[in-house]
Structures are given as C-alpha cells and as structure tokens.
file entry-v7.pdb (PDB, C-alpha atoms, pLDDT in the B column)
MODEL        1
ATOM      1  CA  GLY A1479      25.158  55.438  46.604  1.00 37.00           C
ATOM      2  CA  GLU A1480      27.444  53.373  44.437  1.00 41.00           C
ATOM      3  CA  SER A1481      31.165  53.929  44.800  1.00 44.00           C
ATOM      4  CA  VAL A1482      34.569  52.903  43.646  1.00 52.00           C
ATOM      5  CA  GLY A1483      36.942  51.484  46.207  1.00 46.00           C
ATOM      6  CA  LEU A1484      40.455  50.092  46.530  1.00 40.00           C
ATOM      7  CA  HIS A1485      41.676  46.915  48.205  1.00 44.00           C
ATOM      8  CA  LEU A1486      45.123  48.042  49.410  1.00 46.00           C
ATOM      9  CA  PRO A1487      45.863  51.377  51.006  1.00 83.00           C
ATOM     10  CA  THR A1488      49.681  51.041  50.703  1.00 91.00           C
ATOM     11  CA  LEU A1489      51.871  49.070  48.342  1.00 93.00           C
ATOM     12  CA  SER A1490      55.655  48.881  48.645  1.00 95.00           C
ATOM     13  CA  VAL A1491      57.742  47.540  45.774  1.00 96.00           C
ATOM     14  CA  GLN A1492      61.405  47.338  44.911  1.00 96.00           C
ATOM     15  CA  GLU A1493      62.700  49.486  42.102  1.00 96.00           C
ATOM     16  CA  GLY A1494      62.592  47.515  38.882  1.00 96.00           C
ATOM     17  CA  ASP A1495      59.807  45.190  40.000  1.00 96.00           C
ATOM     18  CA  ASN A1496      56.317  45.254  38.555  1.00 96.00           C
ATOM     19  CA  SER A1497      53.503  46.860  40.542  1.00 97.00           C
ATOM     20  CA  ILE A1498      49.873  45.873  40.555  1.00 96.00           C
ATOM     21  CA  ILE A1499      47.273  48.199  42.039  1.00 96.00           C
ATOM     22  CA  ASN A1500      43.734  46.917  42.395  1.00 94.00           C
ATOM     23  CA  CYS A1501      40.334  48.532  42.500  1.00 93.00           C
ATOM     24  CA  ALA A1502      36.806  47.247  43.010  1.00 91.00           C
ATOM     25  CA  TYR A1503      33.867  49.124  41.588  1.00 88.00           C
ATOM     26  CA  SER A1504      30.164  48.712  42.159  1.00 81.00           C
ATOM     27  CA  ASN A1505      28.466  50.730  39.427  1.00 83.00           C
ATOM     28  CA  SER A1506      27.896  48.306  36.587  1.00 80.00           C
ATOM     29  CA  ALA A1507      26.506  51.170  34.473  1.00 82.00           C
ATOM     30  CA  SER A1508      29.882  52.867  34.196  1.00 85.00           C
ATOM     31  CA  ASP A1509      31.254  53.199  30.690  1.00 86.00           C
ATOM     32  CA  TYR A1510      34.805  54.322  31.316  1.00 90.00           C
ATOM     33  CA  PHE A1511      37.315  53.473  33.975  1.00 94.00           C
ATOM     34  CA  ILE A1512      40.317  55.664  34.527  1.00 95.00           C
ATOM     35  CA  TRP A1513      43.511  55.642  36.554  1.00 96.00           C
ATOM     36  CA  TYR A1514      44.972  58.811  37.985  1.00 97.00           C
ATOM     37  CA  LYS A1515      48.315  59.431  39.679  1.00 97.00           C
ATOM     38  CA  GLN A1516      48.725  62.047  42.376  1.00 96.00           C
ATOM     39  CA  GLU A1517      52.180  63.100  43.486  1.00 95.00           C
ATOM     40  CA  SER A1518      52.668  64.844  46.798  1.00 93.00           C
ATOM     41  CA  GLY A1519      51.491  68.449  46.692  1.00 93.00           C
ATOM     42  CA  LYS A1520      50.047  68.180  43.204  1.00 95.00           C
ATOM     43  CA  GLY A1521      46.722  67.545  41.571  1.00 97.00           C
ATOM     44  CA  PRO A1522      45.751  64.155  40.132  1.00 97.00           C
ATOM     45  CA  GLN A1523      47.109  63.383  36.685  1.00 97.00           C
ATOM     46  CA  PHE A1524      45.436  61.163  34.073  1.00 96.00           C
ATOM     47  CA  ILE A1525      47.370  57.974  33.336  1.00 96.00           C
ATOM     48  CA  ILE A1526      45.239  55.650  31.260  1.00 96.00           C
ATOM     49  CA  ASP A1527      41.630  54.733  30.674  1.00 94.00           C
ATOM     50  CA  ILE A1528      39.648  51.749  29.460  1.00 94.00           C
ATOM     51  CA  ARG A1529      36.177  51.489  28.053  1.00 92.00           C
ATOM     52  CA  SER A1530      33.741  48.985  29.469  1.00 92.00           C
ATOM     53  CA  ASN A1531      33.685  46.942  26.242  1.00 92.00           C
ATOM     54  CA  MET A1532      37.400  46.188  26.585  1.00 95.00           C
ATOM     55  CA  ASP A1533      39.283  43.982  29.032  1.00 95.00           C
ATOM     56  CA  LYS A1534      42.837  45.213  28.525  1.00 97.00           C
ATOM     57  CA  ARG A1535      44.592  48.344  27.395  1.00 97.00           C
ATOM     58  CA  GLN A1536      48.292  49.082  27.320  1.00 96.00           C
ATOM     59  CA  GLY A1537      50.193  52.313  27.540  1.00 94.00           C
ATOM     60  CA  GLN A1538      53.793  53.153  28.106  1.00 93.00           C
ATOM     61  CA  ARG A1539      54.898  50.867  30.977  1.00 96.00           C
ATOM     62  CA  VAL A1540      51.300  50.680  32.202  1.00 97.00           C
ATOM     63  CA  THR A1541      48.524  48.230  31.536  1.00 97.00           C
ATOM     64  CA  VAL A1542      44.950  48.427  32.742  1.00 97.00           C
ATOM     65  CA  LEU A1543      42.861  45.287  33.085  1.00 97.00           C
ATOM     66  CA  LEU A1544      39.108  45.244  33.475  1.00 96.00           C
ATOM     67  CA  ASN A1545      37.128  42.267  34.714  1.00 94.00           C
ATOM     68  CA  LYS A1546      33.461  43.132  34.485  1.00 90.00           C
ATOM     69  CA  THR A1547      32.344  39.766  35.831  1.00 90.00           C
ATOM     70  CA  VAL A1548      33.752  40.542  39.256  1.00 91.00           C
ATOM     71  CA  LYS A1549      33.782  44.329  38.840  1.00 91.00           C
ATOM     72  CA  HIS A1550      37.513  44.582  39.237  1.00 93.00           C
ATOM     73  CA  LEU A1551      40.022  46.977  37.748  1.00 95.00           C
ATOM     74  CA  SER A1552      43.785  46.831  38.025  1.00 97.00           C
ATOM     75  CA  LEU A1553      46.763  48.946  37.018  1.00 97.00           C
ATOM     76  CA  GLN A1554      50.028  47.240  36.259  1.00 98.00           C
ATOM     77  CA  ILE A1555      53.233  49.260  36.176  1.00 98.00           C
ATOM     78  CA  ALA A1556      56.225  47.560  34.610  1.00 97.00           C
ATOM     79  CA  ALA A1557      59.758  48.123  35.905  1.00 97.00           C
ATOM     80  CA  THR A1558      58.619  50.438  38.666  1.00 97.00           C
ATOM     81  CA  GLN A1559      60.765  53.522  39.092  1.00 96.00           C
ATOM     82  CA  PRO A1560      61.198  55.955  41.999  1.00 96.00           C
ATOM     83  CA  GLY A1561      59.230  58.510  40.022  1.00 96.00           C
ATOM     84  CA  ASP A1562      56.232  56.193  40.181  1.00 97.00           C
ATOM     85  CA  SER A1563      55.914  56.797  43.922  1.00 97.00           C
ATOM     86  CA  ALA A1564      52.527  58.460  44.346  1.00 96.00           C
ATOM     87  CA  VAL A1565      48.919  57.812  45.263  1.00 96.00           C
ATOM     88  CA  TYR A1566      46.955  56.075  42.546  1.00 97.00           C
ATOM     89  CA  PHE A1567      43.209  56.499  42.171  1.00 95.00           C
ATOM     90  CA  CYS A1568      40.780  54.588  40.060  1.00 95.00           C
ATOM     91  CA  ALA A1569      37.731  56.460  38.834  1.00 94.00           C
ATOM     92  CA  GLU A1570      34.663  55.721  36.808  1.00 92.00           C
ATOM     93  CA  THR A1571      32.262  57.681  34.696  1.00 87.00           C
ATOM     94  CA  PRO A1572      29.218  57.033  32.559  1.00 79.00           C
ATOM     95  CA  ILE A1573      29.427  58.324  28.984  1.00 68.00           C
ATOM     96  CA  THR A1574      25.821  59.327  28.726  1.00 58.00           C
ATOM     97  CA  GLY A1575      24.375  61.880  31.082  1.00 51.00           C
ATOM     98  CA  GLY A1576      27.508  62.231  33.122  1.00 51.00           C
ATOM     99  CA  GLY A1577      29.921  63.904  30.770  1.00 59.00           C
ATOM    100  CA  ASN A1578      33.258  63.813  32.475  1.00 71.00           C
ATOM    101  CA  LYS A1579      31.767  63.563  35.937  1.00 82.00           C
ATOM    102  CA  LEU A1580      34.119  61.215  37.753  1.00 89.00           C
ATOM    103  CA  THR A1581      33.669  59.201  40.918  1.00 89.00           C
ATOM    104  CA  PHE A1582      37.035  58.487  42.496  1.00 92.00           C
ATOM    105  CA  GLY A1583      38.120  55.597  44.657  1.00 89.00           C
ATOM    106  CA  THR A1584      39.927  56.036  47.941  1.00 87.00           C
ATOM    107  CA  GLY A1585      43.475  55.712  46.587  1.00 91.00           C
ATOM    108  CA  THR A1586      46.513  53.451  47.010  1.00 93.00           C
ATOM    109  CA  GLN A1587      49.878  54.770  48.099  1.00 94.00           C
ATOM    110  CA  LEU A1588      52.673  53.238  46.013  1.00 96.00           C
ATOM    111  CA  LYS A1589      56.118  53.382  47.595  1.00 95.00           C
ATOM    112  CA  VAL A1590      59.133  52.435  45.529  1.00 96.00           C
ATOM    113  CA  GLU A1591      62.112  51.217  47.539  1.00 93.00           C
ATOM    114  CA  LEU A1592      65.601  51.588  46.151  1.00 88.00           C
TER     115      LEU A1592
ATOM    116  CA  ASP B 769      50.873  75.627  27.521  1.00 64.00           C
ATOM    117  CA  ALA B 770      49.702  76.776  30.929  1.00 85.00           C
ATOM    118  CA  GLY B 771      47.712  74.271  32.889  1.00 95.00           C
ATOM    119  CA  VAL B 772      44.807  74.925  35.215  1.00 98.00           C
ATOM    120  CA  ILE B 773      45.738  77.789  37.487  1.00 98.00           C
ATOM    121  CA  GLN B 774      44.371  78.041  41.005  1.00 98.00           C
ATOM    122  CA  SER B 775      44.778  80.704  43.645  1.00 97.00           C
ATOM    123  CA  PRO B 776      45.562  81.013  46.431  1.00 98.00           C
ATOM    124  CA  ARG B 777      47.745  77.921  46.893  1.00 97.00           C
ATOM    125  CA  HIS B 778      47.400  78.161  50.646  1.00 97.00           C
ATOM    126  CA  GLU B 779      44.950  80.003  52.825  1.00 97.00           C
ATOM    127  CA  VAL B 780      44.593  80.076  56.563  1.00 98.00           C
ATOM    128  CA  THR B 781      41.540  81.811  57.947  1.00 97.00           C
ATOM    129  CA  GLU B 782      39.418  81.943  61.033  1.00 97.00           C
ATOM    130  CA  MET B 783      36.025  80.400  61.453  1.00 97.00           C
ATOM    131  CA  GLY B 784      33.282  82.660  60.192  1.00 97.00           C
ATOM    132  CA  GLN B 785      35.377  84.391  57.570  1.00 97.00           C
ATOM    133  CA  GLU B 786      34.561  84.357  53.881  1.00 98.00           C
ATOM    134  CA  VAL B 787      36.865  82.363  51.618  1.00 98.00           C
ATOM    135  CA  THR B 788      37.102  82.745  47.861  1.00 98.00           C
ATOM    136  CA  LEU B 789      39.038  80.279  45.744  1.00 98.00           C
ATOM    137  CA  ARG B 790      39.806  81.058  42.133  1.00 98.00           C
ATOM    138  CA  CYS B 791      40.395  78.976  39.045  1.00 98.00           C
ATOM    139  CA  LYS B 792      41.477  79.632  35.482  1.00 98.00           C
ATOM    140  CA  PRO B 793      40.836  76.591  33.265  1.00 98.00           C
ATOM    141  CA  ILE B 794      42.906  75.625  30.276  1.00 97.00           C
ATOM    142  CA  SER B 795      42.044  77.738  27.262  1.00 96.00           C
ATOM    143  CA  GLY B 796      39.596  75.956  24.977  1.00 94.00           C
ATOM    144  CA  HIS B 797      38.291  73.618  27.649  1.00 95.00           C
ATOM    145  CA  ASN B 798      34.537  73.840  28.082  1.00 93.00           C
ATOM    146  CA  SER B 799      33.984  71.864  31.271  1.00 94.00           C
ATOM    147  CA  LEU B 800      35.135  72.907  34.717  1.00 96.00           C
ATOM    148  CA  PHE B 801      35.006  70.919  37.924  1.00 96.00           C
ATOM    149  CA  TRP B 802      35.524  71.731  41.595  1.00 97.00           C
ATOM    150  CA  TYR B 803      36.678  68.851  43.796  1.00 97.00           C
ATOM    151  CA  ARG B 804      37.452  68.718  47.499  1.00 97.00           C
ATOM    152  CA  GLN B 805      40.025  66.307  48.928  1.00 95.00           C
ATOM    153  CA  THR B 806      40.267  65.222  52.554  1.00 91.00           C
ATOM    154  CA  MET B 807      41.830  62.211  54.217  1.00 85.00           C
ATOM    155  CA  MET B 808      38.469  61.048  55.491  1.00 83.00           C
ATOM    156  CA  ARG B 809      36.385  61.452  52.340  1.00 85.00           C
ATOM    157  CA  GLY B 810      38.910  61.380  49.522  1.00 89.00           C
ATOM    158  CA  LEU B 811      38.160  63.271  46.319  1.00 93.00           C
ATOM    159  CA  GLU B 812      34.602  64.554  46.193  1.00 94.00           C
ATOM    160  CA  LEU B 813      33.007  66.353  43.275  1.00 94.00           C
ATOM    161  CA  LEU B 814      31.370  69.550  44.470  1.00 96.00           C
ATOM    162  CA  ILE B 815      30.070  71.061  41.241  1.00 96.00           C
ATOM    163  CA  TYR B 816      30.740  71.096  37.548  1.00 93.00           C
ATOM    164  CA  PHE B 817      30.034  73.477  34.695  1.00 95.00           C
ATOM    165  CA  ASN B 818      29.601  72.938  30.973  1.00 93.00           C
ATOM    166  CA  ASN B 819      30.002  76.037  28.814  1.00 94.00           C
ATOM    167  CA  ASN B 820      29.846  78.208  31.951  1.00 95.00           C
ATOM    168  CA  VAL B 821      26.513  76.725  33.041  1.00 95.00           C
ATOM    169  CA  PRO B 822      26.305  74.760  36.313  1.00 94.00           C
ATOM    170  CA  ILE B 823      25.213  71.238  35.453  1.00 92.00           C
ATOM    171  CA  ASP B 824      25.414  69.343  38.710  1.00 90.00           C
ATOM    172  CA  ASP B 825      25.851  70.924  42.125  1.00 93.00           C
ATOM    173  CA  SER B 826      24.601  67.971  44.130  1.00 92.00           C
ATOM    174  CA  GLY B 827      27.995  67.643  45.785  1.00 92.00           C
ATOM    175  CA  MET B 828      27.965  71.124  47.272  1.00 95.00           C
ATOM    176  CA  PRO B 829      27.841  70.481  51.029  1.00 88.00           C
ATOM    177  CA  GLU B 830      25.396  73.188  52.003  1.00 85.00           C
ATOM    178  CA  ASP B 831      24.276  76.734  51.355  1.00 91.00           C
ATOM    179  CA  ARG B 832      27.506  78.112  52.718  1.00 96.00           C
ATOM    180  CA  PHE B 833      29.164  76.973  49.489  1.00 97.00           C
ATOM    181  CA  SER B 834      28.582  78.701  46.179  1.00 97.00           C
ATOM    182  CA  ALA B 835      30.341  78.582  42.818  1.00 97.00           C
ATOM    183  CA  LYS B 836      30.231  80.826  39.795  1.00 97.00           C
ATOM    184  CA  MET B 837      31.647  80.800  36.315  1.00 97.00           C
ATOM    185  CA  PRO B 838      31.068  84.247  34.808  1.00 96.00           C
ATOM    186  CA  ASN B 839      33.055  83.439  31.669  1.00 95.00           C
ATOM    187  CA  ALA B 840      34.984  80.634  30.018  1.00 95.00           C
ATOM    188  CA  SER B 841      38.270  81.578  31.636  1.00 96.00           C
ATOM    189  CA  PHE B 842      37.366  82.082  35.274  1.00 96.00           C
ATOM    190  CA  SER B 843      35.527  80.398  38.119  1.00 98.00           C
ATOM    191  CA  THR B 844      35.220  80.981  41.842  1.00 98.00           C
ATOM    192  CA  LEU B 845      34.278  78.797  44.777  1.00 98.00           C
ATOM    193  CA  LYS B 846      33.113  80.737  47.784  1.00 98.00           C
ATOM    194  CA  ILE B 847      32.568  79.589  51.343  1.00 97.00           C
ATOM    195  CA  GLN B 848      30.673  81.953  53.621  1.00 97.00           C
ATOM    196  CA  PRO B 849      30.901  81.589  56.554  1.00 96.00           C
ATOM    197  CA  SER B 850      33.783  79.147  56.731  1.00 97.00           C
ATOM    198  CA  GLU B 851      33.980  76.426  59.389  1.00 96.00           C
ATOM    199  CA  PRO B 852      36.880  74.242  60.592  1.00 97.00           C
ATOM    200  CA  ARG B 853      35.358  71.193  58.866  1.00 95.00           C
ATOM    201  CA  ASP B 854      35.816  72.973  55.541  1.00 97.00           C
ATOM    202  CA  SER B 855      39.575  72.521  55.896  1.00 97.00           C
ATOM    203  CA  ALA B 856      40.690  70.566  52.847  1.00 97.00           C
ATOM    204  CA  VAL B 857      42.483  70.834  49.532  1.00 97.00           C
ATOM    205  CA  TYR B 858      40.203  72.194  46.857  1.00 98.00           C
ATOM    206  CA  PHE B 859      40.993  71.256  43.285  1.00 98.00           C
ATOM    207  CA  CYS B 860      39.765  72.787  40.094  1.00 98.00           C
ATOM    208  CA  ALA B 861      39.898  70.735  36.907  1.00 97.00           C
ATOM    209  CA  SER B 862      38.937  71.305  33.306  1.00 96.00           C
ATOM    210  CA  SER B 863      38.335  69.100  30.309  1.00 93.00           C
ATOM    211  CA  SER B 864      38.252  69.516  26.569  1.00 92.00           C
ATOM    212  CA  PRO B 865      35.183  68.869  24.405  1.00 87.00           C
ATOM    213  CA  GLY B 866      37.306  66.672  22.159  1.00 84.00           C
ATOM    214  CA  GLY B 867      39.233  64.914  24.875  1.00 85.00           C
ATOM    215  CA  ARG B 868      38.966  61.393  26.204  1.00 85.00           C
ATOM    216  CA  PRO B 869      36.001  60.726  28.523  1.00 81.00           C
ATOM    217  CA  GLY B 870      37.244  61.007  32.051  1.00 87.00           C
ATOM    218  CA  GLU B 871      40.406  62.911  31.195  1.00 92.00           C
ATOM    219  CA  LEU B 872      40.441  65.883  33.508  1.00 94.00           C
ATOM    220  CA  PHE B 873      43.308  68.318  33.903  1.00 96.00           C
ATOM    221  CA  PHE B 874      43.724  69.314  37.512  1.00 97.00           C
ATOM    222  CA  GLY B 875      45.284  72.387  39.020  1.00 98.00           C
ATOM    223  CA  GLU B 876      47.697  72.116  41.912  1.00 97.00           C
ATOM    224  CA  GLY B 877      44.972  72.831  44.442  1.00 97.00           C
ATOM    225  CA  SER B 878      44.201  75.380  47.117  1.00 98.00           C
ATOM    226  CA  ARG B 879      44.925  74.164  50.629  1.00 97.00           C
ATOM    227  CA  LEU B 880      42.419  75.733  53.014  1.00 98.00           C
ATOM    228  CA  THR B 881      42.823  75.719  56.776  1.00 97.00           C
ATOM    229  CA  VAL B 882      39.992  77.127  58.872  1.00 97.00           C
ATOM    230  CA  LEU B 883      40.933  77.696  62.503  1.00 97.00           C
TER     231      LEU B 883
ENDMDL
END
call {"tool": "encode", "arguments": {"input": "entry-v7.pdb", "output": "structure tokens"}}
result
Amino acid sequence: GESVGLHLPTLSVQEGDNSIINCAYSNSASDYFIWYKQESGKGPQFIIDIRSNMDKRQGQRVTVLLNKTVKHLSLQIAATQPGDSAVYFCAETPITGGGNKLTFGTGTQLKVEL
Amino acid sequence: DAGVIQSPRHEVTEMGQEVTLRCKPISGHNSLFWYRQTMMRGLELLIYFNNNVPIDDSGMPEDRFSAKMPNASFSTLKIQPSEPRDSAVYFCASSSPGGRPGELFFGEGSRLTVL
C-alpha cells in the first residue's frame, strides 16, 4: 500500500541552528499533511499541518513546506533548542472518507547538541 | 484539562495470558484511535471509532485482538491470548469534531511486554 517515509533517521544540530527534517510521501490523494513530535516516553504531539492546496505554512519557530510535484514535505525549526530534541513524524490523511485516520512515516530523531 | 488517559502504563505478562488496555478520551472528543508502535513497524493504526462505532478495524492484526467502546468516555483493547510479538507500546488517541483534520491527542501509551 502507499506509505509515508522519511529520508534521514537521525539529525544532529547545534543549539541555535536551524533544523530541516524531510519526508517523502507517495499518496497523491492525501489532503492534509501533518508533523508530530514525540518526546521520549510520551505520545506523539501535533505540531503543525498543511493542506494540499498550500505550499508553505508557518507557526511559532516552525515552518512546513509542501512540494507536491516531487511529493516532498519538510519541517523547518528555527533556532533549535534542547527542548526540540525528539522524534519527528510526518503523517498524511485524506479529508474525505478517512476522517482523522493518519498514516505515519517512520520518524527522524533530532538531537540538539549544546 | 485532562488529556487522554491510558492504563496501565506498563504491563509485563506471559505468553498466553489475556491483556486488557484501557483508554479514557478527552471529554467532548468523538473519535478514538488505537495505535501500536514498534521499532520495526513504527506507528500503526489498529482501529478507530467515531461516536463509539468502530469505523475501520483493518489494522487489527488478527482475531486475538479486539476493541470496544461501550460509551463516549471509555475504550478497551484486548489481546487474548497474548504472544511475544505483541510486545509494543500501545497508544490511544482522540480527536474533536471541530478540530483540525489530522490533529489527534495522544495518551502517554501502555508499554506491553509479553514474555
């Protein structure tokens, strides 16, 4: 079946630098793309989403970019902080017929070095 | 406000035993999801409910797994009999009817170890 996957399993960045986490997806029928953050020992937490008719969306210190031509999604974190250390998952869902049924990617571990 | 509450947080059991995981969704949320997380397979959707009705159980591995939602504030995931390959972290999540598509609120998970 179709799936969502990530390019890099582990990303190490220096505190204060910007982080970019990438994701490739294969289901062109998806309507929403979402990023989740999972800290050790906790459940995933919603960060930001983007609809398929957009190519960029900004939040607080985070930006999500969507390139439908190459089916690529990225999460940019500005001025990365130690508290950003976690595993980041991309996920996708169709609006119609799928409700909030999410398909998650495999995850990228972000490590912030002091 | 209380988030999604799962119990037990940790369970260690022996192969063949029955396991029951419990979930209390956020009040007012009408969708509930059970996910399983392993290193090998990542986060997998097992089943989800809308308004207490199971909508999609295609992710349930086999007949040993069953899930119920008798009311809007409680759900169970049962494994009978359990096997070592069922060892994983099981997450429950809920979502609001007026929330953003794809915005799920996860509990802290139940870590299951089957010996």
call {"tool": "residues_around", "arguments": {"input": "entry-v7.pdb", "residues": "A:Gln1523", "least_positions_apart": "6", "cutoff": "8 Å", "atoms": "all atoms listed in the file", "output": "JSON, numbers by chain"}}
result
{"A": [1514, 1515, 1516], "B": [872, 873, 874]}
call {"tool": "resolve_selection", "arguments": {"input": "entry-v7.pdb", "expression": "the PyMOL selection byres ((chain B and resi 791) around 9)", "output": "list in words"}}
result
Val772, Ile773, Gln774, Ser775, Leu789, Arg790, Lys792, Pro793, Ser841, Phe842, Ser843, Thr844, Leu845, Phe859, Cys860, Ala861 and Gly875 of chain B
call {"tool": "write_last_selection", "arguments": {"input": "entry-v7.pdb", "atoms": "C-alpha atoms", "output": "CSV table (one decimal), in the coordinates of the input"}}
result
chain,number,residue,atom,x,y,z
B,772,VAL,CA,44.8,74.9,35.2
B,773,ILE,CA,45.7,77.8,37.5
B,774,GLN,CA,44.4,78.0,41.0
B,775,SER,CA,44.8,80.7,43.6
B,789,LEU,CA,39.0,80.3,45.7
B,790,ARG,CA,39.8,81.1,42.1
B,792,LYS,CA,41.5,79.6,35.5
B,793,PRO,CA,40.8,76.6,33.3
B,841,SER,CA,38.3,81.6,31.6
B,842,PHE,CA,37.4,82.1,35.3
B,843,SER,CA,35.5,80.4,38.1
B,844,THR,CA,35.2,81.0,41.8
B,845,LEU,CA,34.3,78.8,44.8
B,859,PHE,CA,41.0,71.3,43.3
B,860,CYS,CA,39.8,72.8,40.1
B,861,ALA,CA,39.9,70.7,36.9
B,875,GLY,CA,45.3,72.4,39.0
call {"tool": "atom_distance", "arguments": {"input": "entry-v7.pdb", "atom1": "atom CA of B:Ala840", "atom2": "atom CA of A:Trp1513"}}
result
27.2 Å
call {"tool": "closest_residue", "arguments": {"input": "entry-v7.pdb", "among": "A:Cys1568, A:Ala1502, A:Leu1544, A:Val1590", "to": "chain B", "atoms": "only C-alpha atoms"}}
result
A:Cys1568
call {"tool": "residues_around", "arguments": {"input": "entry-v7.pdb", "residues": "A:Leu1580", "least_positions_apart": "3", "cutoff": "7 Å", "atoms": "only C-alpha atoms", "output": "ChimeraX atom specification"}}
result
/A:1569-1571 /B:870
call {"tool": "closest_residue", "arguments": {"input": "entry-v7.pdb", "among": "B:Val821, B:Leu811, B:Val787, B:Val882", "to": "B:Ser799", "atoms": "all atoms listed in the file"}}
result
B:Val821
call {"tool": "residues_near_point", "arguments": {"input": "entry-v7.pdb", "point": "(30.0, 82.8, 57.8)", "cutoff": "9 Å", "atoms": "all atoms listed in the file", "output": "count of residues only"}}
result
10
call {"tool": "closest_residue", "arguments": {"input": "entry-v7.pdb", "among": "A:Ile1498, A:Ile1526, A:Leu1551, A:Ala1564", "to": "A:Gly1583", "atoms": "only C-alpha atoms"}}
result
A:Leu1551
call {"tool": "residues_around", "arguments": {"input": "entry-v7.pdb", "residues": "B:Arg868", "least_positions_apart": "6", "cutoff": "10 Å", "atoms": "all atoms listed in the file", "output": "MDAnalysis selection string"}}
result
chainID A and resid 1510 1526:1527 1578
call {"tool": "closest_atom_pairs", "arguments": {"input": "entry-v7.pdb", "of": "chain A", "to": "chain B", "cutoff": "6 Å", "atoms": "all atoms listed in the file", "output": "JSON lines"}}
result
{"residue": "A:Lys1520", "atom": "CA", "partner": "B:Glu876", "partner_atom": "CA", "distance": 4.8}
{"residue": "A:Gly1521", "atom": "CA", "partner": "B:Glu876", "partner_atom": "CA", "distance": 4.7}
{"residue": "A:Asn1578", "atom": "CA", "partner": "B:Gly870", "partner_atom": "CA", "distance": 4.9}
{"residue": "A:Thr1584", "atom": "CA", "partner": "B:Gly810", "partner_atom": "CA", "distance": 5.7}
call {"tool": "resolve_selection", "arguments": {"input": "entry-v7.pdb", "expression": "the PyMOL selection byres ((chain A and resi 1528) around 7)", "output": "VMD selection string"}}
result
chain A and resid 1510 to 1512 1527 1529 to 1530 1532 1535
call {"tool": "residues_around", "arguments": {"input": "entry-v7.pdb", "residues": "A:Ala1556", "least_positions_apart": "3", "cutoff": "12 Å", "atoms": "all atoms listed in the file", "output": "list in words"}}
result
Val1491, Gln1492, Glu1493, Gly1494, Asp1495, Asn1496, Ser1497, Ile1498, Ile1499, Gln1536, Gly1537, Gln1538, Arg1539, Val1540, Thr1541, Val1542, Leu1553, Gln1559 and Asp1562 of chain A
call {"tool": "axis_aligned_box", "arguments": {"input": "entry-v7.pdb", "around": "stretch 802-806 of chain B", "padding_each_side": "4 Å", "output": "lines of an AutoDock Vina configuration file"}}
result
center_x = 37.9
center_y = 68.5
center_z = 47.1
size_x = 12.7
size_y = 14.5
size_z = 19.0
call {"tool": "build_atoms", "arguments": {"input": "entry-v7.pdb", "residues": "stretch 846-851 of chain B", "atoms": "all heavy atoms", "output": "compact mmCIF listing (two decimals), in the frame of the given file"}}
result
# COMPACT_ATOMS: atom_id res chain seq x y z
N LYS B 846 33.17 79.90 46.61
CA LYS B 846 33.11 80.74 47.78
C LYS B 846 32.52 79.98 48.95
O LYS B 846 31.55 79.21 48.79
CB LYS B 846 32.29 82.00 47.49
CG LYS B 846 32.27 83.03 48.60
CD LYS B 846 31.54 84.30 48.16
CE LYS B 846 32.31 85.03 47.08
NZ LYS B 846 31.69 86.34 46.74
N ILE B 847 33.09 80.18 50.12
CA ILE B 847 32.57 79.59 51.34
C ILE B 847 32.31 80.74 52.31
O ILE B 847 33.19 81.51 52.65
CB ILE B 847 33.57 78.61 51.99
CG1 ILE B 847 34.04 77.56 50.96
CG2 ILE B 847 32.92 77.90 53.18
CD1 ILE B 847 35.17 76.67 51.46
N GLN B 848 31.05 80.86 52.73
CA GLN B 848 30.67 81.95 53.62
C GLN B 848 29.48 81.54 54.47
O GLN B 848 28.41 81.30 53.92
CB GLN B 848 30.34 83.21 52.81
CG GLN B 848 29.63 84.32 53.58
CD GLN B 848 30.47 84.90 54.71
OE1 GLN B 848 31.68 84.78 54.72
NE2 GLN B 848 29.80 85.54 55.65
N PRO B 849 29.66 81.48 55.80
CA PRO B 849 30.90 81.59 56.55
C PRO B 849 31.67 80.27 56.58
O PRO B 849 31.07 79.20 56.49
CB PRO B 849 30.39 81.93 57.96
CG PRO B 849 29.08 81.20 58.04
CD PRO B 849 28.49 81.26 56.65
N SER B 850 32.97 80.36 56.70
CA SER B 850 33.78 79.15 56.73
C SER B 850 33.76 78.51 58.12
O SER B 850 33.55 79.19 59.14
CB SER B 850 35.22 79.47 56.32
OG SER B 850 35.78 80.43 57.19
N GLU B 851 33.95 77.19 58.15
CA GLU B 851 33.98 76.43 59.39
C GLU B 851 35.22 75.52 59.38
O GLU B 851 35.71 75.18 58.30
CB GLU B 851 32.72 75.58 59.53
CG GLU B 851 31.44 76.40 59.62
CD GLU B 851 30.19 75.54 59.81
OE1 GLU B 851 30.34 74.29 59.90
OE2 GLU B 851 29.09 76.11 59.88
